[in-house]
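K.L.:
Provided below: protein39.txt, containing compact mmCIF, C-alpha atoms and all ligand atoms.
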# COMPACT_ATOMS: atom_id res chain seq x y z
CA MET A 1467 -189.98 -57.15 122.88
CA ASN A 1468 -188.14 -60.01 124.54
CA ALA A 1469 -191.51 -61.20 125.75
CA LEU A 1470 -192.13 -62.19 122.14
CA GLN A 1471 -192.01 -65.90 121.48
CA ILE A 1472 -189.59 -66.84 118.72
CA PRO A 1473 -191.56 -69.12 116.40
CA ASP A 1474 -190.43 -72.72 116.01
CA PHE A 1475 -189.51 -72.38 112.36
CA VAL A 1476 -187.10 -69.56 113.26
CA ARG A 1477 -185.56 -71.57 116.09
CA ALA A 1478 -185.13 -74.45 113.68
CA GLN A 1479 -183.24 -72.20 111.27
CA ASP A 1480 -180.85 -71.23 114.05
CA ALA A 1481 -180.36 -74.83 115.09
CA ALA A 1482 -179.48 -75.83 111.53
CA ASP A 1483 -177.19 -72.84 110.88
CA PRO A 1484 -173.67 -74.10 110.05
CA LEU A 1485 -172.21 -70.64 110.82
CA ARG A 1486 -173.75 -70.18 114.25
CA GLY A 1487 -170.49 -70.93 116.09
CA ARG A 1488 -168.81 -67.92 114.48
CA ARG A 1489 -170.67 -65.39 116.61
CA ALA A 1490 -168.41 -66.14 119.58
CA GLN A 1491 -165.60 -64.35 117.73
CA PHE A 1492 -167.45 -61.02 117.84
CA ILE A 1493 -167.94 -58.54 120.67
CA LEU A 1494 -171.54 -57.39 120.60
CA PRO A 1495 -173.16 -55.36 123.38
CA GLU A 1496 -176.05 -56.81 125.38
CA GLY A 1497 -179.50 -55.75 124.32
CA VAL A 1498 -178.53 -54.80 120.80
CA ILE A 1499 -179.42 -56.44 117.50
CA TYR A 1500 -176.84 -55.11 115.12
CA LEU A 1501 -178.00 -54.66 111.53
CA ASP A 1502 -175.43 -52.04 110.60
CA GLY A 1503 -172.31 -54.13 110.03
CA ASN A 1504 -172.49 -52.88 106.44
CA SER A 1505 -171.59 -49.43 107.74
CA LEU A 1506 -169.31 -50.21 110.69
CA GLY A 1507 -168.53 -53.83 111.46
CA PRO A 1508 -168.41 -54.77 115.16
CA ALA A 1509 -165.22 -55.42 117.09
CA THR A 1510 -163.74 -58.90 117.06
CA TYR A 1511 -161.81 -60.52 119.91
CA ALA A 1512 -158.98 -61.32 117.50
CA GLY A 1513 -158.85 -57.75 116.20
CA LEU A 1514 -158.62 -56.24 119.69
CA ALA A 1515 -156.05 -58.86 120.73
CA ALA A 1516 -153.91 -57.95 117.73
CA LEU A 1517 -154.27 -54.25 118.60
CA GLU A 1518 -153.22 -54.98 122.18
CA GLN A 1519 -150.20 -56.94 121.04
CA ALA A 1520 -149.24 -54.34 118.44
CA SER A 1521 -149.50 -51.43 120.86
CA HIS A 1522 -148.25 -52.82 124.20
CA GLY A 1523 -145.85 -55.35 122.72
CA GLU A 1524 -144.59 -54.44 119.29
CA TRP A 1525 -144.65 -50.66 119.70
CA ALA A 1526 -144.10 -50.11 123.44
CA GLN A 1527 -141.50 -52.84 123.86
CA GLY A 1528 -140.19 -53.50 120.36
CA LEU A 1529 -140.00 -49.83 119.36
CA ILE A 1530 -138.47 -49.23 115.95
CA ARG A 1531 -137.13 -52.79 115.84
CA SER A 1532 -140.67 -53.97 115.11
CA TRP A 1533 -140.57 -52.75 111.52
CA ASN A 1534 -138.44 -55.85 110.99
CA ASP A 1535 -139.08 -58.06 114.03
CA ALA A 1536 -142.87 -57.83 113.75
CA ALA A 1537 -142.70 -57.52 109.94
CA TRP A 1538 -144.54 -54.20 109.95
CA VAL A 1539 -142.85 -53.44 106.62
CA SER A 1540 -144.85 -56.09 104.78
CA LEU A 1541 -148.25 -55.46 106.40
CA GLY A 1542 -149.77 -54.07 103.20
CA GLN A 1543 -148.97 -57.18 101.17
CA ARG A 1544 -149.71 -59.56 104.03
CA LEU A 1545 -153.19 -58.17 104.56
CA GLY A 1546 -153.77 -58.06 100.81
CA ALA A 1547 -153.05 -61.78 100.70
CA GLN A 1548 -155.54 -62.35 103.54
CA ILE A 1549 -158.30 -60.48 101.71
CA ALA A 1550 -157.56 -62.05 98.30
CA PRO A 1551 -159.54 -65.30 98.82
CA LEU A 1552 -162.61 -63.30 99.87
CA ILE A 1553 -162.66 -61.49 96.53
CA GLY A 1554 -161.49 -64.18 94.11
CA ALA A 1555 -158.02 -62.77 93.61
CA ALA A 1556 -154.49 -64.16 93.86
CA ALA A 1557 -152.47 -63.17 96.92
CA ASP A 1558 -150.19 -60.87 94.92
CA GLU A 1559 -153.00 -58.96 93.24
CA VAL A 1560 -154.25 -57.16 96.34
CA VAL A 1561 -152.63 -54.71 98.71
CA VAL A 1562 -154.03 -52.97 101.79
CA ALA A 1563 -153.33 -49.26 101.99
CA ASP A 1564 -154.95 -45.87 102.48
CA SER A 1565 -158.70 -45.34 102.33
CA THR A 1566 -161.25 -46.46 99.75
CA SER A 1567 -161.49 -42.88 98.49
CA ILE A 1568 -157.75 -42.67 97.85
CA ASN A 1569 -157.69 -46.12 96.30
CA CYS A 1570 -160.51 -45.04 94.01
CA TYR A 1571 -158.36 -42.17 92.81
CA LYS A 1572 -155.38 -44.45 92.21
CA ALA A 1573 -157.40 -47.10 90.37
CA LEU A 1574 -159.16 -44.58 88.11
CA HIS A 1575 -155.91 -42.87 87.32
CA ALA A 1576 -154.13 -46.15 86.57
CA ALA A 1577 -156.96 -47.25 84.27
CA CYS A 1578 -157.08 -43.91 82.44
CA ALA A 1579 -153.32 -44.08 81.91
CA MET A 1580 -153.82 -47.43 80.15
CA ARG A 1581 -156.33 -45.88 77.73
CA PRO A 1582 -154.60 -42.59 76.83
CA GLU A 1583 -156.59 -42.15 73.62
CA ARG A 1584 -159.90 -42.18 75.53
CA SER A 1585 -161.27 -39.46 77.77
CA VAL A 1586 -164.46 -40.60 79.47
CA ILE A 1587 -164.96 -42.01 82.95
CA VAL A 1588 -168.33 -43.73 83.26
CA ALA A 1589 -169.95 -44.06 86.68
CA GLU A 1590 -173.35 -44.13 88.38
CA ALA A 1591 -175.13 -40.97 89.53
CA GLY A 1592 -176.36 -43.08 92.44
CA SER A 1593 -172.84 -44.21 93.32
CA PHE A 1594 -171.51 -43.86 96.83
CA PRO A 1595 -170.69 -40.15 96.53
CA THR A 1596 -167.00 -40.24 97.48
CA ASP A 1597 -166.31 -42.37 94.39
CA LEU A 1598 -167.85 -39.65 92.23
CA TYR A 1599 -166.00 -36.90 94.02
CA MET A 1600 -162.72 -38.73 93.46
CA ALA A 1601 -163.63 -39.27 89.79
CA GLU A 1602 -164.24 -35.52 89.51
CA GLY A 1603 -160.76 -35.00 90.91
CA VAL A 1604 -159.22 -37.37 88.35
CA VAL A 1605 -161.11 -35.63 85.54
CA ALA A 1606 -159.91 -32.23 86.76
CA ASN A 1607 -156.32 -33.43 86.68
CA LEU A 1608 -156.36 -35.05 83.25
CA ARG A 1609 -156.69 -32.91 80.13
CA ASP A 1610 -160.03 -33.07 78.32
CA HIS A 1611 -161.49 -35.83 80.43
CA ARG A 1612 -165.18 -36.03 81.26
CA LEU A 1613 -167.37 -37.88 83.70
CA ARG A 1614 -170.55 -39.46 82.32
CA LEU A 1615 -173.13 -40.83 84.71
CA GLU A 1616 -175.78 -43.48 84.53
CA GLY A 1617 -178.96 -41.89 85.84
CA ARG A 1618 -177.96 -38.44 84.58
CA ASP A 1619 -176.42 -38.66 81.10
CA ALA A 1620 -178.17 -41.89 80.16
CA GLU A 1621 -180.67 -44.21 81.75
CA SER A 1622 -178.57 -47.35 81.51
CA ILE A 1623 -174.85 -47.67 82.04
CA ASP A 1624 -174.75 -49.76 78.86
CA ASP A 1625 -175.54 -46.66 76.80
CA LEU A 1626 -172.42 -44.91 78.13
CA ILE A 1627 -169.98 -47.73 77.45
CA ASN A 1628 -168.58 -46.98 74.00
CA GLU A 1629 -165.35 -46.20 72.14
CA HIS A 1630 -164.81 -43.02 74.19
CA ALA A 1631 -164.96 -44.75 77.57
CA ALA A 1632 -161.59 -45.31 79.22
CA VAL A 1633 -162.88 -46.72 82.47
CA VAL A 1634 -166.17 -47.73 84.05
CA LEU A 1635 -166.42 -47.29 87.82
CA VAL A 1636 -169.21 -49.33 89.37
CA ASN A 1637 -170.43 -50.38 92.77
CA HIS A 1638 -170.80 -54.12 92.99
CA VAL A 1639 -173.62 -53.66 95.52
CA ASP A 1640 -175.51 -50.37 95.66
CA TYR A 1641 -175.18 -48.88 99.15
CA ARG A 1642 -178.76 -47.66 99.21
CA THR A 1643 -180.85 -50.36 97.59
CA GLY A 1644 -178.53 -53.33 97.91
CA ARG A 1645 -178.78 -54.03 94.18
CA LEU A 1646 -176.07 -56.47 93.06
CA ARG A 1647 -174.50 -56.02 89.62
CA ASP A 1648 -173.67 -58.98 87.39
CA MET A 1649 -169.90 -58.59 87.42
CA ALA A 1650 -169.04 -61.06 84.64
CA ALA A 1651 -171.63 -59.68 82.23
CA LEU A 1652 -170.69 -56.05 82.82
CA ASN A 1653 -166.96 -56.74 82.51
CA ALA A 1654 -167.62 -58.50 79.19
CA ARG A 1655 -169.57 -55.46 77.98
CA ILE A 1656 -166.85 -53.07 79.14
CA HIS A 1657 -164.08 -55.09 77.51
CA ALA A 1658 -166.01 -55.46 74.25
CA ALA A 1659 -165.95 -51.65 74.07
CA GLY A 1660 -162.23 -51.59 74.82
CA ALA A 1661 -162.58 -50.01 78.26
CA LEU A 1662 -161.46 -51.10 81.74
CA SER A 1663 -163.42 -51.68 84.93
CA VAL A 1664 -163.01 -50.48 88.51
CA TRP A 1665 -165.29 -52.26 90.98
CA ASP A 1666 -166.09 -50.89 94.40
CA LEU A 1667 -166.60 -53.92 96.63
CA SER A 1668 -167.32 -52.03 99.86
CA HIS A 1669 -170.78 -53.59 100.19
CA SER A 1670 -170.05 -57.02 98.77
CA ALA A 1671 -166.71 -58.37 100.02
CA GLY A 1672 -167.31 -60.22 103.28
CA ALA A 1673 -171.05 -60.47 102.57
CA LEU A 1674 -171.07 -62.68 99.49
CA PRO A 1675 -168.56 -64.49 97.28
CA VAL A 1676 -166.74 -62.20 94.83
CA HIS A 1677 -164.87 -63.61 91.81
CA LEU A 1678 -162.75 -60.74 90.51
CA ALA A 1679 -160.35 -62.82 88.43
CA ALA A 1680 -162.88 -65.32 87.08
CA ASP A 1681 -165.28 -62.50 86.22
CA GLY A 1682 -162.58 -60.54 84.41
CA ALA A 1683 -162.37 -57.42 86.60
CA ASP A 1684 -159.48 -55.05 85.90
CA PHE A 1685 -159.31 -53.09 89.16
CA ALA A 1686 -161.20 -53.17 92.43
CA ILE A 1687 -161.27 -51.25 95.67
CA GLY A 1688 -163.03 -51.80 98.97
CA CYS A 1689 -163.49 -50.90 102.55
CA GLY A 1690 -161.88 -52.48 105.64
CA TYR A 1691 -164.36 -51.34 108.29
CA LYS A 1692 -167.69 -52.63 106.96
CA TYR A 1693 -168.17 -56.37 106.45
CA LEU A 1694 -164.44 -56.90 107.14
CA ASN A 1695 -164.78 -55.53 110.70
CA GLY A 1696 -161.37 -53.82 110.76
CA GLY A 1697 -162.49 -50.97 113.05
CA PRO A 1698 -163.54 -47.36 112.45
CA GLY A 1699 -161.50 -45.90 109.60
CA ALA A 1700 -159.67 -49.20 109.01
CA PRO A 1701 -157.36 -49.25 105.99
CA ALA A 1702 -158.83 -50.18 102.62
CA TYR A 1703 -157.64 -52.47 99.82
CA ILE A 1704 -156.97 -52.22 96.12
CA TYR A 1705 -156.82 -54.96 93.49
CA ALA A 1706 -155.12 -54.87 90.10
CA ALA A 1707 -155.40 -57.90 87.81
CA ARG A 1708 -151.98 -59.40 87.24
CA ARG A 1709 -152.18 -58.70 83.49
CA HIS A 1710 -152.05 -54.98 84.34
CA HIS A 1711 -149.09 -55.05 86.71
CA ALA A 1712 -146.40 -54.33 84.13
CA GLY A 1713 -147.94 -51.05 83.00
CA LEU A 1714 -149.35 -49.97 86.34
CA GLN A 1715 -149.14 -46.20 86.85
CA GLN A 1716 -149.41 -44.87 90.36
CA PRO A 1717 -150.36 -41.18 90.49
CA LEU A 1718 -149.37 -40.86 94.16
CA SER A 1719 -145.77 -42.01 93.87
CA GLY A 1720 -144.69 -42.32 97.47
CA TRP A 1721 -141.73 -44.04 99.06
CA TRP A 1722 -143.83 -46.99 100.28
CA GLY A 1723 -144.32 -47.98 96.63
CA HIS A 1724 -140.64 -47.61 95.88
CA ALA A 1725 -138.50 -50.60 94.94
CA ARG A 1726 -135.95 -49.77 97.68
CA PRO A 1727 -137.44 -47.23 100.08
CA PHE A 1728 -134.56 -47.50 102.51
CA ASP A 1729 -131.95 -46.60 99.90
CA PHE A 1730 -133.28 -43.04 100.16
CA VAL A 1731 -132.43 -42.25 96.55
CA PRO A 1732 -133.81 -39.05 94.97
CA GLU A 1733 -135.58 -40.76 92.02
CA TYR A 1734 -138.84 -42.67 92.23
CA GLU A 1735 -138.51 -46.23 91.03
CA PRO A 1736 -141.68 -48.26 91.64
CA ILE A 1737 -141.63 -51.75 93.03
CA THR A 1738 -142.99 -54.37 90.62
CA GLY A 1739 -146.54 -55.52 91.17
CA VAL A 1740 -149.43 -54.29 93.19
CA GLY A 1741 -147.12 -53.12 96.00
CA ARG A 1742 -146.53 -49.90 94.10
CA LEU A 1743 -150.10 -48.90 94.88
CA GLN A 1744 -148.94 -48.15 98.41
CA VAL A 1745 -148.07 -44.53 99.12
CA GLY A 1746 -146.67 -43.71 102.54
CA THR A 1747 -146.08 -45.29 105.93
CA PRO A 1748 -149.05 -47.47 106.87
CA SER A 1749 -151.11 -46.85 109.97
CA VAL A 1750 -149.64 -49.84 111.79
CA LEU A 1751 -152.05 -50.09 114.73
CA ALA A 1752 -155.03 -49.95 112.39
CA MET A 1753 -153.42 -52.45 110.04
CA ARG A 1754 -152.73 -54.87 112.88
CA THR A 1755 -156.32 -54.56 114.14
CA LEU A 1756 -157.61 -55.37 110.67
CA GLU A 1757 -155.17 -58.26 110.41
CA GLY A 1758 -156.59 -59.77 113.57
CA ALA A 1759 -160.16 -59.18 112.45
CA LEU A 1760 -159.52 -60.92 109.15
CA SER A 1761 -158.73 -64.14 110.99
CA VAL A 1762 -162.47 -64.64 111.57
CA TRP A 1763 -162.66 -65.63 107.89
CA ASP A 1764 -160.37 -68.63 108.34
CA GLY A 1765 -162.25 -71.67 107.12
CA VAL A 1766 -165.48 -69.81 106.27
CA ASP A 1767 -167.32 -71.33 103.33
CA LEU A 1768 -168.46 -68.35 101.26
CA ALA A 1769 -171.28 -70.33 99.64
CA GLN A 1770 -172.64 -71.00 103.13
CA LEU A 1771 -172.22 -67.33 103.95
CA ARG A 1772 -174.25 -66.34 100.89
CA GLY A 1773 -176.91 -68.95 101.63
CA LYS A 1774 -177.39 -67.62 105.15
CA SER A 1775 -177.33 -63.99 104.03
CA LEU A 1776 -180.16 -64.63 101.57
CA ALA A 1777 -182.15 -66.63 104.11
CA LEU A 1778 -181.81 -63.86 106.73
CA ALA A 1779 -182.94 -61.26 104.20
CA LYS A 1780 -185.93 -63.38 103.18
CA LEU A 1781 -186.96 -63.87 106.80
CA PHE A 1782 -186.73 -60.14 107.40
CA ILE A 1783 -188.71 -59.18 104.29
CA ASP A 1784 -191.38 -61.83 104.86
CA THR A 1785 -191.81 -60.90 108.52
CA ALA A 1786 -191.91 -57.13 107.92
CA GLU A 1787 -194.29 -57.43 104.98
CA GLY A 1788 -196.39 -60.01 106.75
CA ALA A 1789 -197.99 -57.43 109.03
CA SER A 1790 -201.68 -57.40 108.21
CA THR A 1791 -202.07 -53.62 107.98
CA ASP A 1792 -200.28 -51.28 105.58
CA LEU A 1793 -197.54 -49.63 107.59
CA GLY A 1794 -196.12 -47.48 104.80
CA LEU A 1795 -193.14 -49.74 104.18
CA ARG A 1796 -192.08 -50.27 100.56
CA LEU A 1797 -189.32 -52.68 99.69
CA ALA A 1798 -186.57 -50.65 98.02
CA SER A 1799 -184.25 -53.62 97.44
CA PRO A 1800 -184.55 -56.15 94.63
CA ARG A 1801 -186.85 -58.99 95.59
CA VAL A 1802 -184.94 -61.51 93.50
CA ASP A 1803 -182.06 -63.09 95.44
CA ALA A 1804 -179.59 -63.05 92.56
CA GLU A 1805 -179.98 -59.27 92.24
CA ARG A 1806 -179.50 -58.39 95.91
CA GLY A 1807 -176.42 -58.08 98.09
CA SER A 1808 -176.64 -58.64 101.86
CA GLN A 1809 -178.89 -55.77 102.87
CA VAL A 1810 -182.57 -54.95 102.77
CA SER A 1811 -183.83 -51.40 102.44
CA PHE A 1812 -187.38 -50.28 102.93
CA SER A 1813 -188.60 -46.82 102.06
CA HIS A 1814 -190.92 -45.07 104.48
CA PRO A 1815 -191.98 -41.40 104.40
CA ASP A 1816 -190.76 -40.96 107.99
CA ALA A 1817 -187.71 -43.16 107.74
CA TYR A 1818 -185.49 -40.93 109.88
CA PRO A 1819 -187.56 -40.85 113.10
CA VAL A 1820 -188.62 -44.46 112.56
CA MET A 1821 -184.97 -45.54 112.56
CA GLN A 1822 -184.18 -43.45 115.64
CA ALA A 1823 -187.06 -45.11 117.49
CA LEU A 1824 -185.87 -48.54 116.38
CA ILE A 1825 -182.36 -47.77 117.62
CA GLU A 1826 -183.78 -46.79 121.00
CA ARG A 1827 -185.45 -50.21 121.04
CA GLY A 1828 -182.04 -51.83 120.48
CA ILE A 1829 -182.33 -52.54 116.77
CA ILE A 1830 -179.45 -50.76 115.07
CA GLY A 1831 -179.83 -50.17 111.36
CA ASP A 1832 -179.39 -46.85 109.62
CA PHE A 1833 -181.14 -44.14 107.67
CA ARG A 1834 -180.09 -43.09 104.19
CA ALA A 1835 -181.53 -39.95 102.62
CA PRO A 1836 -184.13 -39.30 101.52
CA ASP A 1837 -186.41 -42.02 102.89
CA LEU A 1838 -184.59 -45.31 103.37
CA LEU A 1839 -184.45 -47.61 106.36
CA ARG A 1840 -181.38 -49.76 105.74
CA PHE A 1841 -180.67 -53.11 107.36
CA GLY A 1842 -177.45 -55.04 106.77
CA PHE A 1843 -177.15 -58.78 107.38
CA ALA A 1844 -173.73 -60.01 108.40
CA PRO A 1845 -174.09 -63.80 108.46
CA LEU A 1846 -171.11 -64.51 110.72
CA TYR A 1847 -172.72 -63.07 113.84
CA LEU A 1848 -176.45 -62.64 113.25
CA SER A 1849 -179.01 -65.25 114.19
CA TYR A 1850 -182.35 -65.89 112.56
CA SER A 1851 -184.02 -65.16 115.90
CA GLU A 1852 -182.46 -61.71 116.02
CA VAL A 1853 -183.54 -60.91 112.49
CA TRP A 1854 -187.11 -62.05 113.22
CA LEU A 1855 -187.16 -59.95 116.41
CA ALA A 1856 -185.83 -56.93 114.51
CA ALA A 1857 -188.62 -57.18 111.94
CA GLN A 1858 -191.23 -57.59 114.68
CA THR A 1859 -189.85 -54.54 116.48
CA LEU A 1860 -190.03 -52.53 113.27
CA ILE A 1861 -193.70 -53.47 112.92
CA ASP A 1862 -194.30 -52.57 116.54
CA VAL A 1863 -192.60 -49.16 116.23
CA LEU A 1864 -194.76 -48.36 113.20
CA ARG A 1865 -198.02 -49.70 114.63
CA SER A 1866 -197.61 -48.01 117.99
CA GLY A 1867 -196.50 -44.71 116.48
CA LEU A 1868 -193.58 -44.62 118.92
CA TRP A 1869 -191.49 -42.88 116.25
CA ARG A 1870 -193.77 -39.81 116.40
CA GLN A 1871 -192.29 -38.75 119.72
CA GLU A 1872 -190.43 -35.53 119.27
CA ARG A 1873 -187.00 -36.70 120.41
CA PHE A 1874 -186.70 -38.98 117.37
CA ALA A 1875 -186.90 -36.10 114.90
CA ARG A 1876 -183.62 -34.44 115.89
CA ARG A 1877 -180.89 -35.06 113.32
CA ALA A 1878 -177.39 -36.06 114.38
CA ALA A 1879 -174.29 -35.21 112.31
CA ALA A 1880 -173.71 -38.80 111.19
CA THR A 1881 -176.63 -40.96 110.18
C1 LIG B 1 -167.99 -46.88 102.75
C2 LIG B 1 -167.69 -46.65 101.31
C3 LIG B 1 -166.60 -45.88 100.93
C4 LIG B 1 -165.81 -45.18 102.00
O1 LIG B 1 -164.69 -44.56 101.58
P1 LIG B 1 -163.68 -43.98 102.69
O2 LIG B 1 -162.58 -43.46 101.92
O3 LIG B 1 -163.33 -45.12 103.59
O4 LIG B 1 -164.40 -42.95 103.48
C5 LIG B 1 -166.35 -45.76 99.58
N1 LIG B 1 -167.13 -46.37 98.65
C6 LIG B 1 -168.20 -47.10 99.01
C7 LIG B 1 -169.04 -47.76 97.98
C8 LIG B 1 -168.51 -47.26 100.35
O5 LIG B 1 -169.56 -47.98 100.70
Now, as a test, write the supplied structure out as structure tokens.
Ligand SMILES: *Cc1c(COP(=O)(O)O)cnc(C)c1O

P.N.:
Amino acid sequence: MNALQIPDFVRAQDAADPLRGRRAQFILPEGVIYLDGNSLGPATYAGLAALEQASHGEWAQGLIRSWNDAAWVSLGQRLGAQIAPLIGAAADEVVVADSTSINCYKALHAACAMRPERSVIVAEAGSFPTDLYMAEGVVANLRDHRLRLEGRDAESIDDLINEHAAVVLVNHVDYRTGRLRDMAALNARIHAAGALSVWDLSHSAGALPVHLAADGADFAIGCGYKYLNGGPGAPAYIYAARRHHAGLQQPLSGWWGHARPFDFVPEYEPITGVGRLQVGTPSVLAMRTLEGALSVWDGVDLAQLRGKSLALAKLFIDTAEGASTDLGLRLASPRVDAERGSQVSFSHPDAYPVMQALIERGIIGDFRAPDLLRFGFAPLYLSYSEVWLAAQTLIDVLRSGLWRQERFARRAAAT
């Protein structure tokens, strides 16, 4: 594939790219074009340096003294403050703790507690499944609560948002299709009905500007290991609008959310603010890795990030669809920029083996059941040339029938 000549117009896009210098902060293996940063972000030099310092220095040498000397105690708040500008929040409205699944549980529970006279959680049948599983858990633990789903109980989420709805849990960007919700409009609709919102930002934060406060969001949660590059299983974050801090109920009342954890008193007394959404001792090495990785965002202009993300996606779509013969690809993502996050999905009847063949050719995207080829565009490290080459390789894999070879049909545990 490298024999392919990158066209001049693609080279020109790279030359004019204001973000092209950012790639040097990422560790990417030779011979790979990585279009799966929406599932597991790559390592960063700063992240691994922070991990090295935290393990060999702060832990090995500092030992228990590092809780104070390296300020491990305040990692949750410190990282929350680092993420806040990426999601349009104030520094004291975000805390890093636990996983997205657990934060989903906490946010749903906190929202339901603020609407005790209401008993419905509204969500999307097509939601990232763990969010639904956690919602089921909340429903099972609250008397008389029910889960109502867009795509199952009604066609449109609008039809489920009424006087019974306590909370509406939505994905800002759909993990399969990349569809982007209009956050301001949906929050207005939710609030007009007297309900609260919980936004899952796992596929938007770090890929496009998010304006939680300006758009009126109540709660939000999101992932540390996708576009934020914190490392496999990196800690997640949770946002609560400041107007909700006074009445914030934490269902998992652990000592890390206590006002004075080191007083070791028998009664739980929550700390004021978003800090109470912490539960237990943070995973310090993972937190420190994420802290380092977040430094790649210093000085990044999110409007530039969005501009490049959309341009990469357009180049990919145009190149893949530009093949003269019908290769069975159908665009599964919105074609309109304003309705799409930072990924492009194509459906193909043989999406699984096609993706395995592409991966063998060094183009790493992923497969999502039942028939989606998913490609994520992380603008900080991808070039236009890579995206053009990836689309050309996809065409080549389909035209040549490479994917029909038997070894590509075997399913691995994780896709
Ligand atoms: C990746 C992802 C999660 C992951 O949750 P974990 O608890 O980290 O496993 C949750 N929600 C969405 C929308 C995701 O994309």

K.L.:
Just to confirm, what's the straight-line distance from atom CA of Arg1772 of chain A to atom CA of Ala1482 of chain A in Å (one decimal)?

P.N.:
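Separation between atom CA of Arg1772 of chain A and atom CA of Ala1482 of chain A: 15.2 Å.
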
K.L.:
Could you list, as number ranges by chain, all protein and nucleic acid residues with an atom at most 9 Å from ligand LIG 1 (chain B), counting only C-alpha atoms and all ligand atoms?

P.N.:
A: 1504-1506, 1564-1570, 1593-1597, 1636-1641, 1666-1669, 1687-1692, 1699-1702

K.L.:
Between A:Leu1855, A:Leu1760, A:Ile1587, A:Leu1824, which one has atoms that come closest to Gln1491 of chain A, using only C-alpha atoms?

P.N.:
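Of all the options, A:Leu1760 lies closest to Gln1491 of chain A.
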
K.L.:
At a cut-off of 8 Å, using all atoms listed in the file, what residues contact Ile1623 of chain A? Leave out same-chain residues fewer than 6 positions from it and give the result as a tab-separated table (two decimals) with C-alpha atoms, in the coordinates of the input.

P.N.:
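So the final result, stored in result_21.tsv, reads:
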chain	number	residue	atom	x	y	z
A	1588	VAL	CA	-168.33	-43.73	83.26
A	1589	ALA	CA	-169.95	-44.06	86.68
A	1590	GLU	CA	-173.35	-44.13	88.38
A	1615	LEU	CA	-173.13	-40.83	84.71
A	1616	GLU	CA	-175.78	-43.48	84.53

K.L.:
Could you check which of A:Asp1502, A:Leu1517, A:His1710, A:Asp1619 is closest to Phe1843 of chain A, using all atoms listed in the file?

P.N.:
A:Asp1502
